[in-house]
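J.: Here you go, target_25.txt (compact mmCIF, C-alpha atoms (C1' of nucleotides)):
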```txt
# COMPACT_ATOMS: atom_id res chain seq x y z
CA MET A 1 -17.10 -10.91 24.67
CA ALA A 2 -19.02 -9.51 21.77
CA VAL A 3 -16.58 -7.62 19.61
CA ASP A 4 -16.93 -3.85 19.78
CA ARG A 5 -17.34 -3.03 16.11
CA GLU A 6 -16.90 0.69 16.69
CA GLN A 7 -13.66 0.14 18.53
CA VAL A 8 -12.30 -2.14 15.83
CA LEU A 9 -13.04 0.44 13.15
CA LYS A 10 -11.42 3.15 15.20
CA GLU A 11 -8.24 1.17 15.59
CA ALA A 12 -8.28 0.27 11.92
CA ALA A 13 -8.63 3.91 10.91
CA ALA A 14 -5.72 4.94 13.11
CA LEU A 15 -3.47 2.29 11.59
CA LEU A 16 -4.58 2.63 7.99
CA THR A 17 -4.22 6.38 8.06
CA ARG A 18 -0.58 6.03 8.90
CA ARG A 19 0.14 3.11 6.62
CA ALA A 20 -2.24 2.08 3.90
CA THR A 21 -0.67 -1.37 3.65
CA THR A 22 -1.31 -2.39 7.25
CA SER A 23 -2.20 -6.07 7.21
CA MET A 24 -5.40 -7.58 8.53
CA ASP A 25 -3.32 -9.35 11.13
CA GLU A 26 -1.89 -6.11 12.45
CA ILE A 27 -5.33 -4.54 12.57
CA ALA A 28 -6.70 -7.53 14.42
CA ARG A 29 -3.93 -7.48 16.99
CA ALA A 30 -4.27 -3.73 17.48
CA ALA A 31 -7.97 -4.21 18.12
CA GLY A 32 -7.22 -7.01 20.57
CA ILE A 33 -8.93 -9.73 18.61
CA SER A 34 -7.76 -12.61 16.45
CA ARG A 35 -7.51 -12.47 12.70
CA ALA A 36 -10.23 -15.12 12.46
CA THR A 37 -12.64 -13.02 14.46
CA LEU A 38 -11.84 -9.96 12.40
CA HIS A 39 -12.80 -11.93 9.30
CA ARG A 40 -16.01 -13.08 10.96
CA HIS A 41 -17.12 -9.47 11.37
CA PHE A 42 -15.82 -8.09 8.11
CA ALA A 43 -15.97 -10.31 5.07
CA GLY A 44 -12.56 -9.15 3.95
CA ARG A 45 -10.21 -6.29 3.63
CA ASP A 46 -12.41 -4.53 1.11
CA ALA A 47 -15.45 -4.86 3.34
CA LEU A 48 -13.48 -3.43 6.24
CA ILE A 49 -12.39 -0.43 4.20
CA LYS A 50 -15.92 0.09 3.01
CA ALA A 51 -17.32 -0.05 6.53
CA LEU A 52 -14.64 2.40 7.56
CA GLU A 53 -15.59 4.78 4.81
CA GLU A 54 -19.26 4.63 5.65
CA GLN A 55 -18.64 5.20 9.33
CA GLY A 56 -16.27 8.06 8.59
CA ILE A 57 -18.70 9.72 6.23
CA ALA A 58 -21.50 9.33 8.75
CA GLN A 59 -19.39 10.87 11.51
CA PHE A 60 -18.30 13.73 9.29
CA ALA A 61 -21.90 14.32 8.25
CA GLN A 62 -22.91 14.54 11.89
CA ALA A 63 -20.12 17.01 12.54
CA ILE A 64 -21.38 19.14 9.67
CA ASP A 65 -24.91 18.94 11.04
CA ARG A 66 -23.77 20.07 14.46
CA ALA A 67 -21.88 22.97 12.93
CA ARG A 68 -25.15 24.38 11.51
CA LEU A 69 -23.41 25.82 8.47
CA ALA A 70 -26.45 27.80 7.34
CA GLU A 71 -26.71 29.83 10.54
CA GLY A 72 -24.99 33.09 11.37
CA ASP A 73 -22.13 34.56 9.40
CA ALA A 74 -20.06 32.27 7.24
CA GLY A 75 -16.88 32.89 9.22
CA GLY A 76 -18.51 31.77 12.45
CA ALA A 77 -19.96 28.74 10.69
CA LEU A 78 -16.52 27.80 9.42
CA ARG A 79 -15.13 28.06 12.93
CA ARG A 80 -17.88 25.81 14.21
CA LEU A 81 -17.20 23.35 11.43
CA ILE A 82 -13.51 23.15 12.30
CA GLY A 83 -14.36 22.70 15.96
CA GLU A 84 -16.87 19.94 15.33
CA THR A 85 -14.56 18.22 12.90
CA GLU A 86 -11.68 18.00 15.31
CA PRO A 87 -12.72 14.73 17.01
CA VAL A 88 -12.98 13.01 13.65
CA ALA A 89 -9.93 14.62 12.09
CA ASP A 90 -8.02 11.33 11.88
CA MET A 91 -10.93 9.64 10.20
CA LEU A 92 -11.30 12.58 7.85
CA ALA A 93 -7.64 12.45 6.92
CA PHE A 94 -8.06 8.78 6.14
CA LEU A 95 -11.14 9.48 4.05
CA SER A 96 -9.66 12.19 1.88
CA THR A 97 -6.54 10.11 1.33
CA GLU A 98 -8.66 7.10 0.51
CA ASN A 99 -10.69 9.06 -2.01
CA GLN A 100 -7.52 10.10 -3.74
CA LEU A 101 -6.38 6.58 -4.45
CA PHE A 102 -9.76 5.57 -5.75
CA GLU A 103 -8.56 6.71 -9.11
CA GLY A 104 -10.75 4.82 -11.48
CA GLY A 105 -13.55 3.74 -9.19
CA GLU A 106 -16.60 5.77 -8.46
CA ILE A 107 -16.24 8.10 -5.55
CA ASN A 108 -18.60 7.48 -2.69
CA ALA A 109 -21.81 9.41 -3.31
CA GLY A 110 -22.09 10.41 0.32
CA TRP A 111 -18.68 11.98 0.18
CA LEU A 112 -19.63 14.10 -2.80
CA GLU A 113 -22.64 15.38 -0.90
CA LEU A 114 -20.51 16.42 2.04
CA ASP A 115 -18.14 18.08 -0.37
CA ALA A 116 -21.02 20.06 -1.77
CA ARG A 117 -22.17 21.16 1.66
CA ILE A 118 -18.74 22.51 2.55
CA SER A 119 -18.41 24.15 -0.79
CA ALA A 120 -21.81 25.82 -0.34
CA LEU A 121 -20.61 27.37 2.90
CA PHE A 122 -17.71 29.04 1.15
CA ARG A 123 -19.99 30.21 -1.63
CA ARG A 124 -22.38 31.71 0.89
CA GLY A 125 -19.53 33.57 2.51
CA GLN A 126 -18.57 35.01 -0.83
CA GLU A 127 -22.09 36.00 -1.72
CA GLU A 128 -22.56 37.72 1.60
CA GLY A 129 -19.37 39.67 1.13
CA ASP A 130 -17.48 38.06 3.99
CA PHE A 131 -15.11 35.93 1.92
CA ARG A 132 -12.92 37.01 -0.96
CA ILE A 133 -14.11 35.92 -4.35
CA ASP A 134 -10.80 35.29 -6.10
CA LEU A 135 -10.48 31.86 -4.50
CA SER A 136 -12.96 29.27 -5.73
CA PRO A 137 -15.16 27.37 -3.28
CA ALA A 138 -13.80 24.12 -4.69
CA TRP A 139 -10.25 25.15 -3.88
CA LEU A 140 -11.18 26.37 -0.43
CA THR A 141 -12.82 23.03 0.25
CA GLU A 142 -9.72 21.13 -0.77
CA ALA A 143 -7.58 23.53 1.21
CA LEU A 144 -9.70 22.93 4.29
CA TYR A 145 -9.20 19.19 4.00
CA GLY A 146 -5.51 19.72 3.48
CA LEU A 147 -5.19 21.86 6.56
CA ILE A 148 -7.23 19.47 8.69
CA GLY A 149 -5.01 16.64 7.56
CA ALA A 150 -1.86 18.65 8.14
CA GLY A 151 -3.16 19.63 11.56
CA ALA A 152 -3.95 16.08 12.58
CA TRP A 153 -0.47 15.07 11.52
CA ALA A 154 1.16 18.02 13.28
CA VAL A 155 -0.60 17.16 16.52
CA HIS A 156 0.36 13.53 16.13
CA GLU A 157 3.99 14.59 15.72
CA GLY A 158 3.88 16.98 18.62
CA ARG A 159 4.49 20.05 16.49
CA VAL A 160 1.19 21.58 17.51
CA ALA A 161 -0.54 21.32 20.87
CA ARG A 162 -3.93 19.69 20.62
CA ASN A 163 -5.48 22.66 22.38
CA ASP A 164 -4.15 25.02 19.74
CA LEU A 165 -5.31 22.97 16.80
CA ASN A 166 -8.70 24.53 16.17
CA HIS A 167 -7.33 28.03 16.59
CA SER A 168 -4.39 27.30 14.31
CA ILE A 169 -6.53 25.99 11.49
CA ALA A 170 -9.34 28.53 11.77
CA GLU A 171 -7.10 31.56 12.10
CA LEU A 172 -4.82 30.54 9.27
CA LEU A 173 -7.73 29.81 7.01
CA LEU A 174 -9.72 32.93 7.83
CA GLY A 175 -7.06 35.51 8.38
CA GLY A 176 -3.96 34.17 6.69
CA ILE A 177 -0.41 34.60 7.82
CA ARG A 178 -0.03 38.26 7.13
CA ARG A 179 -0.32 40.53 10.07
CA SER A 180 -3.49 42.45 9.61
CA MET A 181 -4.27 46.05 10.50
CA GLU A 182 -7.88 45.40 11.32
CA LYS A 183 -7.21 43.03 14.18
CA MET B 184 18.34 3.77 -25.43
CA ALA B 185 19.92 4.62 -22.15
CA VAL B 186 17.12 4.81 -19.65
CA ASP B 187 16.26 8.31 -18.53
CA ARG B 188 16.64 7.91 -14.81
CA GLU B 189 15.07 11.29 -14.13
CA GLN B 190 12.01 10.42 -16.15
CA VAL B 191 11.61 7.06 -14.46
CA LEU B 192 11.72 8.65 -11.04
CA LYS B 193 9.23 11.29 -12.08
CA GLU B 194 6.76 8.67 -13.26
CA ALA B 195 7.31 6.64 -10.14
CA ALA B 196 6.62 9.65 -7.95
CA ALA B 197 3.39 10.40 -9.77
CA LEU B 198 2.15 6.85 -9.34
CA LEU B 199 3.35 6.28 -5.80
CA THR B 200 1.85 9.54 -4.63
CA ARG B 201 -1.55 8.32 -5.69
CA ARG B 202 -1.19 4.76 -4.54
CA ALA B 203 1.56 3.69 -2.20
CA THR B 204 1.14 0.06 -3.21
CA THR B 205 1.80 0.57 -6.89
CA SER B 206 3.74 -2.47 -8.10
CA MET B 207 7.15 -2.38 -9.71
CA ASP B 208 5.53 -3.70 -12.86
CA GLU B 209 3.11 -0.80 -13.06
CA ILE B 210 5.89 1.70 -12.47
CA ALA B 211 7.99 0.09 -15.19
CA ARG B 212 5.18 0.16 -17.71
CA ALA B 213 4.32 3.75 -16.88
CA ALA B 214 7.94 4.68 -17.48
CA GLY B 215 7.92 2.80 -20.75
CA ILE B 216 10.52 0.24 -19.76
CA SER B 217 10.40 -3.41 -18.77
CA ARG B 218 10.38 -4.63 -15.23
CA ALA B 219 13.77 -6.24 -15.78
CA THR B 220 15.30 -2.95 -16.82
CA LEU B 221 13.75 -1.19 -13.88
CA HIS B 222 15.43 -3.72 -11.62
CA ARG B 223 18.73 -3.17 -13.41
CA HIS B 224 18.67 0.50 -12.53
CA PHE B 225 17.24 0.21 -9.04
CA ALA B 226 18.23 -2.75 -6.94
CA GLY B 227 14.71 -3.13 -5.63
CA ARG B 228 11.65 -1.38 -4.45
CA ASP B 229 13.39 0.01 -1.38
CA ALA B 230 16.23 1.37 -3.48
CA LEU B 231 13.76 3.02 -5.81
CA ILE B 232 11.96 4.70 -2.94
CA LYS B 233 15.24 5.86 -1.50
CA ALA B 234 16.40 7.29 -4.82
CA LEU B 235 13.06 8.99 -5.11
CA GLU B 236 13.45 10.56 -1.72
CA GLU B 237 16.94 11.79 -2.43
CA GLN B 238 16.01 13.26 -5.78
CA GLY B 239 12.92 14.89 -4.32
CA ILE B 240 14.87 16.41 -1.49
CA ALA B 241 17.53 17.66 -3.89
CA GLN B 242 14.93 19.22 -6.17
CA PHE B 243 13.13 20.81 -3.28
CA ALA B 244 16.42 22.15 -1.95
CA GLN B 245 17.15 23.72 -5.32
CA ALA B 246 13.70 25.29 -5.36
CA ILE B 247 14.38 26.77 -1.94
CA ASP B 248 17.73 28.08 -3.15
CA ARG B 249 16.15 29.73 -6.16
CA ALA B 250 13.51 31.34 -3.95
CA ARG B 251 16.25 33.22 -2.02
CA LEU B 252 14.29 33.08 1.21
CA ALA B 253 16.59 35.50 3.00
CA GLU B 254 16.08 38.35 0.54
CA GLY B 255 13.39 40.99 0.60
CA ASP B 256 10.32 40.87 2.75
CA ALA B 257 9.14 37.53 4.07
CA GLY B 258 5.86 37.70 2.20
CA GLY B 259 7.59 38.09 -1.13
CA ALA B 260 10.00 35.31 -0.26
CA LEU B 261 7.07 33.03 0.52
CA ARG B 262 5.50 33.83 -2.82
CA ARG B 263 8.76 33.02 -4.56
CA LEU B 264 9.01 29.77 -2.64
CA ILE B 265 5.54 28.70 -3.70
CA GLY B 266 6.31 29.61 -7.29
CA GLU B 267 9.58 27.71 -7.36
CA THR B 268 8.01 24.74 -5.62
CA GLU B 269 5.23 24.34 -8.15
CA PRO B 270 7.16 22.18 -10.65
CA VAL B 271 8.08 19.74 -7.91
CA ALA B 272 4.75 19.82 -6.12
CA ASP B 273 3.96 16.19 -6.93
CA MET B 274 7.32 15.09 -5.66
CA LEU B 275 6.87 17.18 -2.55
CA ALA B 276 3.48 15.68 -1.87
CA PHE B 277 5.04 12.25 -2.17
CA LEU B 278 7.85 13.21 0.18
CA SER B 279 5.71 14.58 2.98
CA THR B 280 3.41 11.58 2.74
CA GLU B 281 6.38 9.25 2.75
CA ASN B 282 7.79 10.90 5.83
CA GLN B 283 4.54 10.34 7.61
CA LEU B 284 4.55 6.61 7.20
CA PHE B 285 8.15 6.32 8.27
CA GLU B 286 6.83 5.95 11.76
CA GLY B 287 9.63 4.22 13.56
CA GLY B 288 12.49 4.81 11.17
CA GLU B 289 14.75 7.80 11.28
CA ILE B 290 13.58 10.69 9.16
CA ASN B 291 15.89 11.72 6.36
CA ALA B 292 18.36 14.28 7.66
CA GLY B 293 18.15 16.35 4.50
CA TRP B 294 14.45 16.67 4.94
CA LEU B 295 14.84 18.02 8.45
CA GLU B 296 17.19 20.68 7.15
CA LEU B 297 14.73 21.81 4.50
CA ASP B 298 12.07 21.88 7.18
CA ALA B 299 14.26 24.16 9.22
CA ARG B 300 14.85 26.52 6.32
CA ILE B 301 11.13 26.92 5.68
CA SER B 302 10.47 27.35 9.34
CA ALA B 303 13.15 30.04 9.53
CA LEU B 304 11.39 32.02 6.83
CA PHE B 305 8.20 32.12 8.85
CA ARG B 306 10.13 33.09 11.96
CA ARG B 307 11.82 35.91 10.09
CA GLY B 308 8.46 37.19 8.93
CA GLN B 309 7.26 37.22 12.49
CA GLU B 310 10.32 38.97 13.82
CA GLU B 311 10.08 41.62 11.15
CA GLY B 312 6.47 42.26 11.98
CA ASP B 313 5.05 41.02 8.70
CA PHE B 314 3.55 37.77 9.95
CA ARG B 315 1.27 37.23 12.89
CA ILE B 316 2.88 35.64 15.91
CA ASP B 317 0.02 33.54 17.25
CA LEU B 318 0.72 30.78 14.71
CA SER B 319 3.93 28.86 15.27
CA PRO B 320 6.49 28.53 12.48
CA ALA B 321 6.29 24.77 12.84
CA TRP B 322 2.56 24.81 12.20
CA LEU B 323 2.91 27.21 9.28
CA THR B 324 5.47 24.90 7.74
CA GLU B 325 3.16 21.91 8.03
CA ALA B 326 0.29 23.99 6.71
CA LEU B 327 2.34 24.99 3.69
CA TYR B 328 3.04 21.36 2.88
CA GLY B 329 -0.60 20.53 3.37
CA LEU B 330 -1.72 23.27 1.02
CA ILE B 331 0.84 22.36 -1.61
CA GLY B 332 -0.32 18.77 -1.45
CA ALA B 333 -3.97 19.79 -1.59
CA GLY B 334 -3.19 22.08 -4.49
CA ALA B 335 -1.40 19.39 -6.46
CA TRP B 336 -4.33 17.11 -5.90
CA ALA B 337 -6.88 19.79 -6.81
CA VAL B 338 -5.09 20.48 -10.08
CA HIS B 339 -4.89 16.80 -10.80
CA GLU B 340 -8.63 16.50 -10.27
CA GLY B 341 -9.40 19.54 -12.36
CA ARG B 342 -10.82 21.51 -9.45
CA VAL B 343 -8.21 24.21 -9.83
CA ALA B 344 -6.63 25.47 -13.04
CA ARG B 345 -2.91 24.98 -13.12
CA ASN B 346 -2.42 28.63 -13.88
CA ASP B 347 -4.29 29.62 -10.74
CA LEU B 348 -2.42 27.27 -8.47
CA ASN B 349 0.34 29.56 -7.25
CA HIS B 350 -2.06 32.40 -6.71
CA SER B 351 -4.52 30.17 -4.88
CA ILE B 352 -1.95 28.85 -2.47
CA ALA B 353 -0.08 32.10 -1.87
CA GLU B 354 -3.17 34.25 -1.41
CA LEU B 355 -4.88 31.81 0.89
CA LEU B 356 -1.78 31.39 2.98
CA LEU B 357 -0.89 35.07 3.17
CA GLY B 358 -4.27 36.74 3.24
CA GLY B 359 -6.70 34.07 4.34
CA ILE B 360 -10.27 33.67 3.23
CA ARG B 361 -11.72 36.67 4.91
CA ARG B 362 -12.28 39.67 2.77
CA SER B 363 -9.85 42.27 3.88
CA MET B 364 -10.26 46.04 4.11
CA GLU B 365 -6.66 46.77 3.29
CA LYS B 366 -6.79 45.24 -0.15
C1' DC C 367 -25.30 -29.38 34.57
C1' DA C 368 -25.89 -29.38 29.35
C1' DG C 369 -26.09 -26.91 25.13
C1' DG C 370 -25.32 -23.03 22.23
C1' DT C 371 -22.49 -19.10 21.02
C1' DG C 372 -18.49 -16.61 20.22
C1' DT C 373 -13.67 -16.70 20.24
C1' DG C 374 -8.46 -17.97 19.67
C1' DA C 375 -5.12 -20.67 17.54
C1' DG C 376 -3.47 -22.74 13.82
C1' DA C 377 -3.41 -25.24 9.24
C1' DC C 378 -4.13 -24.80 4.47
C1' DA C 379 -4.40 -23.42 -0.40
C1' DT C 380 -4.29 -19.39 -3.15
C1' DA C 381 -3.04 -15.01 -5.25
C1' DG C 382 0.00 -11.46 -6.13
C1' DG C 383 4.37 -9.05 -5.92
C1' DT C 384 9.38 -9.49 -5.70
C1' DG C 385 13.97 -10.43 -7.07
C1' DT C 386 16.93 -13.18 -10.12
C1' DC C 387 18.03 -15.40 -14.10
C1' DT C 388 18.32 -16.63 -19.16
C1' DC C 389 17.91 -15.78 -23.93
C1' DA C 390 16.83 -13.30 -28.05
C1' DT C 391 16.71 -8.79 -30.05
C1' DT C 392 17.87 -4.11 -31.03
C1' DC C 393 20.45 -0.06 -31.05
C1' DG C 394 24.62 2.58 -31.63
C1' DG C 395 29.58 3.26 -31.99
C1' DG C 396 33.99 1.94 -33.96
C1' DC D 397 29.59 -3.56 -41.47
C1' DC D 398 30.17 -5.90 -37.04
C1' DC D 399 30.44 -6.24 -32.13
C1' DG D 400 29.18 -5.06 -27.59
C1' DA D 401 26.10 -3.00 -24.49
C1' DA D 402 21.49 -2.34 -23.18
C1' DT D 403 16.92 -3.78 -23.37
C1' DG D 404 12.47 -6.72 -23.55
C1' DA D 405 10.19 -10.87 -22.74
C1' DG D 406 9.51 -14.50 -20.10
C1' DA D 407 10.47 -18.30 -16.66
C1' DC D 408 11.38 -19.34 -11.99
C1' DA D 409 11.46 -19.74 -6.91
C1' DC D 410 10.33 -17.20 -2.91
C1' DC D 411 7.76 -14.57 0.24
C1' DT D 412 3.83 -12.30 2.24
C1' DA D 413 -0.96 -11.47 2.90
C1' DT D 414 -5.39 -13.26 2.21
C1' DG D 415 -9.50 -15.93 2.86
C1' DT D 416 -11.37 -20.29 4.47
C1' DC D 417 -11.57 -23.99 7.36
C1' DT D 418 -11.26 -26.96 11.57
C1' DC D 419 -10.86 -27.75 16.32
C1' DA D 420 -10.65 -26.69 21.10
C1' DC D 421 -11.90 -23.71 24.74
C1' DA D 422 -14.35 -20.23 27.50
C1' DC D 423 -18.56 -18.13 28.70
C1' DC D 424 -23.26 -17.45 29.25
C1' DT D 425 -27.91 -19.14 29.55
C1' DG D 426 -31.66 -22.09 30.49
```
Kindly transcribe the structure held in the file into structure tokens.
T.:
Amino acid sequence: MAVDREQVLKEAAALLTRRATTSMDEIARAAGISRATLHRHFAGRDALIKALEEQGIAQFAQAIDRARLAEGDAGGALRRLIGETEPVADMLAFLSTENQLFEGGEINAGWLELDARISALFRRGQEEGDFRIDLSPAWLTEALYGLIGAGAWAVHEGRVARNDLNHSIAELLLGGIRRSMEK
Amino acid sequence: MAVDREQVLKEAAALLTRRATTSMDEIARAAGISRATLHRHFAGRDALIKALEEQGIAQFAQAIDRARLAEGDAGGALRRLIGETEPVADMLAFLSTENQLFEGGEINAGWLELDARISALFRRGQEEGDFRIDLSPAWLTEALYGLIGAGAWAVHEGRVARNDLNHSIAELLLGGIRRSMEK
DNA sequence: CAGGTGTGAGACATAGGTGTCTCATTCGGG
DNA sequence: CCCGAATGAGACACCTATGTCTCACACCTG
């Protein structure tokens, strides 16, 4: 009876990721509740988006925690990060898209912190001599988001098998396309 | 006096890439014309989007032509492609996003053809031994779009210098993050 | 069984965008 | 210079989504 808030947000993320203009009515029906009930739990569309952001950021933060970015070599940490991120890839794609269209508004502070944590991983890899230094940590962070988003989309479209996703992202990011001698 | 159709579409692409719900009025003002004039040149919002798609696909096709994907080694061809694509990166980002939200509808045939041409380049690189074979051409194609989109966004946000963009994308894609011995 | 709670269905006014129209103005060519 | 074509400004009706409200119903509890 009691509405499953988590489930509603999950459905909302799935719909809003694919089409930013999805109406409250469509979200409600997808979640199996009435529009009135949706409004009882979320004051309005803005409140729903905000709750979605906060949940997404929290989930991403937990994924980063689990990846233990400070431990071991940076390459291994990056692999762990990609692996832990996979379950929340859809949410992450929604988040990074959402941040883009927040042109004028202030970007969520929590998001900036996560950004910094990812960026620090790349910087560590450079300082330890594992990562090349001609690509800035900021760019690598954006590239990671881009690849995660592209991967989520590719899986959704059936272009990439879900089982291959982590390998596809991690290998491309770490080793690049070019066939390497040292493999 | 005569409205510069190219310029209008360019402005529209820039706005719509950032916010899919940008109103006709905002697009008109950004292009420096009145809403009435905008409607005189494009029957409606749908027609504008369609014209945008067609122009974007045409521009992207020309970029692919100029890159001469069949000539030389695949790596060099990929670098040329990224270089030629740079001026239309915003448009390309809009296109790939647009294709994503065309859930039910049929995807533009021209787009599929361009997809196939990019994919063929990656396949050629694999067959010639230049590219690794554990990443599918389809995934590499999606990854390329994702990185181009991420790059356009990063430049827009000031995270990456415009002059570094081509290098950042090409090097990451070809060589990956990991510091390589063979460099 | 009675009362409280949460929900679905629907009505309602409102806001905002859309598409069409009219009219005055401006620009450029003949 | 004058006329026509193109444009800008604004009015207008229409549509869709939103947010709020009311009412009836189901369920659970005491």
J.: When the cut-off is 8 Å and we count all atoms listed in the file, which residues of chain C are near chain B, given as a PyMOL selection string?
T.: chain C and resi 383+385+393
J.: Using all atoms listed in the file, find each residue of chain C with at least one atom at most 9 Å away from an atom of region 401-425 of chain D; report its shortest atom-to-atom pair and that distance in Å (one decimal), sort the rows by chain and rising residue number, and return the result as JSON lines.
T.:
```
{"residue": "C:DG370", "atom": "C1'", "partner": "D:DT425", "partner_atom": "C1'", "distance": 8.7}
{"residue": "C:DT371", "atom": "C1'", "partner": "D:DC424", "partner_atom": "C1'", "distance": 8.4}
{"residue": "C:DG372", "atom": "C1'", "partner": "D:DC423", "partner_atom": "C1'", "distance": 8.6}
{"residue": "C:DT373", "atom": "C1'", "partner": "D:DA422", "partner_atom": "C1'", "distance": 8.1}
{"residue": "C:DG374", "atom": "C1'", "partner": "D:DC421", "partner_atom": "C1'", "distance": 8.4}
{"residue": "C:DA375", "atom": "C1'", "partner": "D:DA420", "partner_atom": "C1'", "distance": 8.9}
{"residue": "C:DA377", "atom": "C1'", "partner": "D:DT418", "partner_atom": "C1'", "distance": 8.4}
{"residue": "C:DC378", "atom": "C1'", "partner": "D:DC417", "partner_atom": "C1'", "distance": 8.0}
{"residue": "C:DT380", "atom": "C1'", "partner": "D:DT414", "partner_atom": "C1'", "distance": 8.2}
{"residue": "C:DA381", "atom": "C1'", "partner": "D:DT414", "partner_atom": "C1'", "distance": 8.0}
{"residue": "C:DG383", "atom": "C1'", "partner": "D:DT412", "partner_atom": "C1'", "distance": 8.8}
{"residue": "C:DT384", "atom": "C1'", "partner": "D:DC411", "partner_atom": "C1'", "distance": 8.0}
{"residue": "C:DG385", "atom": "C1'", "partner": "D:DC410", "partner_atom": "C1'", "distance": 8.7}
{"residue": "C:DT386", "atom": "C1'", "partner": "D:DC408", "partner_atom": "C1'", "distance": 8.5}
{"residue": "C:DC387", "atom": "C1'", "partner": "D:DC408", "partner_atom": "C1'", "distance": 8.0}
{"residue": "C:DT388", "atom": "C1'", "partner": "D:DA407", "partner_atom": "C1'", "distance": 8.4}
{"residue": "C:DA390", "atom": "C1'", "partner": "D:DA405", "partner_atom": "C1'", "distance": 8.8}
{"residue": "C:DT391", "atom": "C1'", "partner": "D:DG404", "partner_atom": "C1'", "distance": 8.0}
{"residue": "C:DT392", "atom": "C1'", "partner": "D:DT403", "partner_atom": "C1'", "distance": 7.7}
{"residue": "C:DC393", "atom": "C1'", "partner": "D:DA402", "partner_atom": "C1'", "distance": 8.3}
```
J.: Quick one: which chain A residues come within 7 Å of chain B, and what is the nearest atom pair for each with the distance in Å to one decimal, counting all atoms listed in the file, rows ordered by chain and ascending number, as JSON lines?
T.:
```
{"residue": "A:Arg18", "atom": "CA", "partner": "B:Leu284", "partner_atom": "CA", "distance": 5.4}
{"residue": "A:Arg19", "atom": "CA", "partner": "B:Leu284", "partner_atom": "CA", "distance": 5.7}
{"residue": "A:Gln100", "atom": "CA", "partner": "B:Arg201", "partner_atom": "CA", "distance": 6.5}
{"residue": "A:Leu101", "atom": "CA", "partner": "B:Arg201", "partner_atom": "CA", "distance": 5.3}
{"residue": "A:Asp130", "atom": "CA", "partner": "B:Arg362", "partner_atom": "CA", "distance": 5.6}
{"residue": "A:Phe131", "atom": "CA", "partner": "B:Arg361", "partner_atom": "CA", "distance": 4.6}
{"residue": "A:Arg132", "atom": "CA", "partner": "B:Arg362", "partner_atom": "CA", "distance": 4.6}
{"residue": "A:Leu135", "atom": "CA", "partner": "B:Ser351", "partner_atom": "CA", "distance": 6.2}
{"residue": "A:Ala138", "atom": "CA", "partner": "B:Arg342", "partner_atom": "CA", "distance": 6.2}
{"residue": "A:Trp139", "atom": "CA", "partner": "B:Val343", "partner_atom": "CA", "distance": 6.4}
{"residue": "A:Glu142", "atom": "CA", "partner": "B:Ala333", "partner_atom": "CA", "distance": 6.0}
{"residue": "A:Ala143", "atom": "CA", "partner": "B:Leu330", "partner_atom": "CA", "distance": 5.9}
{"residue": "A:Gly146", "atom": "CA", "partner": "B:Gly329", "partner_atom": "CA", "distance": 5.0}
{"residue": "A:Leu147", "atom": "CA", "partner": "B:Gly329", "partner_atom": "CA", "distance": 5.7}
{"residue": "A:Ala150", "atom": "CA", "partner": "B:Gly329", "partner_atom": "CA", "distance": 5.3}
{"residue": "A:Ala154", "atom": "CA", "partner": "B:Glu325", "partner_atom": "CA", "distance": 6.8}
{"residue": "A:Arg159", "atom": "CA", "partner": "B:Ala321", "partner_atom": "CA", "distance": 6.2}
{"residue": "A:Val160", "atom": "CA", "partner": "B:Trp322", "partner_atom": "CA", "distance": 6.4}
{"residue": "A:Ser168", "atom": "CA", "partner": "B:Leu318", "partner_atom": "CA", "distance": 6.2}
{"residue": "A:Leu172", "atom": "CA", "partner": "B:Gly359", "partner_atom": "CA", "distance": 6.3}
{"residue": "A:Leu173", "atom": "CA", "partner": "B:Gly359", "partner_atom": "CA", "distance": 5.1}
{"residue": "A:Leu174", "atom": "CA", "partner": "B:Ile360", "partner_atom": "CA", "distance": 4.7}
{"residue": "A:Gly175", "atom": "CA", "partner": "B:Gly359", "partner_atom": "CA", "distance": 4.3}
{"residue": "A:Gly176", "atom": "CA", "partner": "B:Gly359", "partner_atom": "CA", "distance": 3.6}
{"residue": "A:Ile177", "atom": "CA", "partner": "B:Leu357", "partner_atom": "CA", "distance": 4.7}
{"residue": "A:Arg178", "atom": "CA", "partner": "B:Phe314", "partner_atom": "CA", "distance": 4.6}
{"residue": "A:Arg179", "atom": "CA", "partner": "B:Arg315", "partner_atom": "CA", "distance": 4.6}
```
J.: Just the selected residues (C-alpha atoms), exported as a compact mmCIF listing (two decimals), in the coordinates of the input, please.
T.:
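Result file follows (out.txt):
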```
# COMPACT_ATOMS: atom_id res chain seq x y z
CA ARG A 18 -0.58 6.03 8.90
CA ARG A 19 0.14 3.11 6.62
CA GLN A 100 -7.52 10.10 -3.74
CA LEU A 101 -6.38 6.58 -4.45
CA ASP A 130 -17.48 38.06 3.99
CA PHE A 131 -15.11 35.93 1.92
CA ARG A 132 -12.92 37.01 -0.96
CA LEU A 135 -10.48 31.86 -4.50
CA ALA A 138 -13.80 24.12 -4.69
CA TRP A 139 -10.25 25.15 -3.88
CA GLU A 142 -9.72 21.13 -0.77
CA ALA A 143 -7.58 23.53 1.21
CA GLY A 146 -5.51 19.72 3.48
CA LEU A 147 -5.19 21.86 6.56
CA ALA A 150 -1.86 18.65 8.14
CA ALA A 154 1.16 18.02 13.28
CA ARG A 159 4.49 20.05 16.49
CA VAL A 160 1.19 21.58 17.51
CA SER A 168 -4.39 27.30 14.31
CA LEU A 172 -4.82 30.54 9.27
CA LEU A 173 -7.73 29.81 7.01
CA LEU A 174 -9.72 32.93 7.83
CA GLY A 175 -7.06 35.51 8.38
CA GLY A 176 -3.96 34.17 6.69
CA ILE A 177 -0.41 34.60 7.82
CA ARG A 178 -0.03 38.26 7.13
CA ARG A 179 -0.32 40.53 10.07
```
